[in-house]
Each structure stands twice: as structure tokens, then as C-alpha cells.
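Structure, as C-alpha cells:
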Amino acid sequence: MKRRFFLKFGLSASALSFIKPSKAIDNLHGFTSNSDSIVKPIVISTWEHGMAANENAWDILSANGSSLDAVEIGVKTTEADMTNRSVGIGGRPDLSGQVTLDACIMDSNSNCGSVACLEGIKHPISVARRVMDDTPHVMLVGQGAKDFALSCGFKHIKSPIKEVKKEWREWKRGNKEKFKKPIINSENHDTIGMLALDANGNLSGACTTSGWGYKLPGRVGDSPIIGAGLFVDNEIGAACATGLGEAVIRISGSHTVVELMRQGYSPQEACKETVSRIISKHKNLDGLQVGFLALDKKGNYGAYSVFNGFNFALKKVNKSSLIDAEYNRRW
Ligand code: SD4
């Protein structure tokens, strides 16, 4: 039955790739909109914790600050929340009990910085920004990322925190097998990805996570990988991903969303088509939740996920809301 459904969907997914974008291409880069009005500033971010993160980002955006500062300050809110089990030091550890963090940031000039498998630093997003601002590199990992962070003055924080250690011990007792798929939407799916368009019309994005809970030590997900967990092209739009990173990496998810917008897809259509690609590449969708969020140059936004349950936070002038994303199927 499942296979039949997959075949059926596979067909509709490939058919979808031939659907013409709903709006006409109106310039050389293929950026499209039916309206000339631009909604800015605006910030959107993944999951409910995005509400608080957006508020802090908004403080920057509403004061004419840059989208780059806004997304960094915004996601730091979630990183600092020790009750959040999927972002920052309070996040779930790997199989060996160590919390390792992934983060990246990208600005309107296509500058980007990233850290992966970083341990013991409270704000990986700010380390990623320092990689971007202060080094000729894009990505630092593991001990190298940590040494760099310490050399920049970031303090080492002992992790895992007590509560996380306790939860890990309990998890280990109940999970004798070496490796387990995450439970959709209730485990491991709370990465914060944030996209902002500032008053000057410039886009930036940030993404930060502790990754797949109880992952194999050394595992890196999509979140610190430019093009997978996050991508920004200031001519077109920005996108970020949440969910099972392996599936996102396989199709360079966020880059795909932005490239579809370049072809004229709306942010919503681009997220939907990218989810279709993920679905068409996986025979078994068990545990495979992925959600995409996108924002274009005119402040249009969209989101779409494989399964129900994904939501995102939106903040613009006179509006702050949590929105349920559309999805392909019910979990
Ligand atoms: C990862 N994509 O490490 C991250 C996890 C995530 O919402 O997004 N959770 O695969």
C-alpha cells in the first residue's frame, strides 16, 4: 500500500516539476510577483520558539538595523534558552552524551560563515558570524571551531547541562539499540532557522541547532551547510530548512527553494516543490519530517513540510503570528 502510494506520489511529484510557476517572470533574474508593493521589514522563523526570537530580531529591524544583525540576535534568543532541547547548549546530546552544535549565517552579499560539531559554546551562531567576518573561510568544525571560538573570547560552558545528562541516561536505558530514528515533531525537530528582509531591502538568514538527538558522534546535519540548511540570494530570496538533515542535504534543499523562486515560483510553491523532491527520493518516509521556509525579495513568504505539525513564526509591522505550514501528508 505504502509503495503504491509512493509510486503514485512519485508520479505526481515529477509531474509537478513541469507545472509552470503561477506568476509571470518580470525581470532578467526571473524574480516574480504580482504586486509592486514590498513588505519590509519582515522576519520569519521556524517553530513556535521563533515567536520570541522574532521579537528580538524585530528590535533591530524596526530600528532600521541590518537583517544580518537581526537574524543573529534573533536566533541567539533560542540558543540561550536552556529548556530548548534542540538548539544550543540545552540541546540533546549525541549517542556518547556529548552535545555538539551546528550553525550558519549568510548575508545579502553572499558572505557566509558556519560551524559544525562545536562543543561547549553558548552561541554557535555568533561563532559562525566571526568565521564569516574575521576569517577567509566559510566553515570550521569540531576542535578547530572550538579553538577559534575561544581565541575570539567566547567562553567555554560545561555541557551537557544536568537536565540533559539525566534525560540522556534515561534514554540510554530505554534504547538499547545503537541507533534510532527520531520521532516526528516531538524529538529533534526544533532547529531555528530565521530569514529577514530589512528596511533597506536586504535579506539575511541564520540557522542553529543541536541536531539529531542521540546521533552518532561526529554527525553533522544540514543546518550548518550553506545551500542545505540555509541559503540567501539577495536578488531573489532566502530559504531555510528544519527536520531530518540527511534528506535536506541530499537535494541541497534551501538552495533548491531559492533557485525555484528564481525560476518564478512563489516562496510557497518553491517550498512545496522542494518537499516533493524529497518525497520522490525516499521510498520510506517513516520519521522523515522536513519543512522549508522561504522569503522573497518583496517580503512574500511561504512554508511547506512533508508531514503535518510544522509551524513558523511571522513578524512584520502590526502583525505577529504563529502559522501552521501546509503539508503533504498526515503523520
Ligand atoms: C539536523 N536539521 O541536524 C537538523 C535538525 C532539525 O528541526 O532541523 N531539527 O538534521
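Every chain in the C-alpha cells has a letter given in the order shown (A, B, ...), and although residue numbers restart at 1 in each chain, ligands are simply numbered from 1 in the order shown.
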Collect all residues with atoms no farther than 6 Å from ligand 1, counting only C-alpha atoms and all ligand atoms, and output them as a PDB file with C-alpha atoms, in the first residue's frame.
ATOM      1  CA  ASN A 188      14.791  16.602  17.200  1.00  0.00           C
ATOM      2  CA  HIS A 189      12.696  18.853  15.035  1.00  0.00           C
ATOM      3  CA  ASP A 190      13.127  22.224  16.585  1.00  0.00           C
ATOM      4  CA  THR A 191      16.035  23.804  14.808  1.00  0.00           C
ATOM      5  CA  GLY A 211      20.981  18.440  15.530  1.00  0.00           C
ATOM      6  CA  TRP A 212      19.559  14.953  15.554  1.00  0.00           C
ATOM      7  CA  GLY A 221      23.350  17.753   9.708  1.00  0.00           C
ATOM      8  CA  ASP A 222      22.104  20.193   7.125  1.00  0.00           C
ATOM      9  CA  SER A 223      21.879  23.191   9.438  1.00  0.00           C
ATOM     10  CA  THR A 242      14.196  22.074   9.526  1.00  0.00           C
ATOM     11  CA  GLY A 243      13.840  18.362  10.081  1.00  0.00           C
ATOM     12  CA  LEU A 244      15.858  15.374   9.017  1.00  0.00           C
ATOM     13  CA  GLY A 245      19.082  16.931   7.787  1.00  0.00           C
TER      14      GLY A 245
END
* To do: From the DSSP assignment of the backbone, select every residue of segment 228-288 of chain A that is strand (DSSP E or B), and format the answer as a list in words.
  =>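 DSSP-assigned strand (DSSP E or B) residues in segment 228-288 of chain A: Leu230, Phe231, Val232, Asp233, Gly237, Ala238, Ala239, Cys240, Ala241, Thr242 and Gly243 of chain A.
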* Give the answer as one residue: which of A:Thr78, A:Asn84, A:Ser204, A:Thr256 has the shortest atom-to-atom distance to Cys104 of chain A, using only C-alpha atoms? => A:Ser204
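Distances here use only C-alpha atoms; by that measure, the residue among A:Tyr214, A:Phe312, A:Tyr265, A:Phe231 closest to Asn109 of chain A is A:Phe231.
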* Asked: If you count only C-alpha atoms, which residues fall within 7 Å of segment 60-74 of chain A, apart from same-chain ones fewer than 2 positions away, as JSON, numbers by chain?
  -> {"A": [41, 53, 54, 56, 57, 58, 76, 77, 107, 125, 126, 194, 195, 196, 197, 198, 199, 202, 203, 204, 205, 206]}
* **Backbone-only DSSP, helix (DSSP H, G or I) members of segment 76-128 of chain A, as a PyMOL selection string** => chain A and resi 76-79+124-128
* Point out the residue among A:Asn311, A:Asn111, A:Ser210, A:Ser159 with the least atom-to-atom distance to Leu293 of chain A, counting only C-alpha atoms. =>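 Among A:Asn311, A:Asn111, A:Ser210, A:Ser159, it is A:Asn311 that comes nearest to Leu293 of chain A.
Every protein, DNA or RNA residue with an atom at most 9 Å from Phe307 of chain A, where only C-alpha atoms count and chain neighbours fewer than 6 positions away do not, is listed here: A:Ile184, A:Asn185, A:Leu288, A:Gln289, A:Val290, A:Gly291, A:Glu326, A:Tyr327, A:Asn328, A:Arg329, A:Arg330, A:Trp331.
Among the candidates A:Arg277, A:Leu230, A:Ser114, A:Cys271, the residue lying nearest to His255 of chain A is A:Leu230 (atoms considered: only C-alpha atoms).
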* **Distance query Ala80 of chain A at most 10 Å, only C-alpha atoms, self and fewer than 3 positions along chain excluded, as a list in words** =>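 That gives Val75, Lys76, Thr77, Thr83, Asn84, Val87, Gly88, Ile89, Gly90, Lys122 and His123 of chain A.
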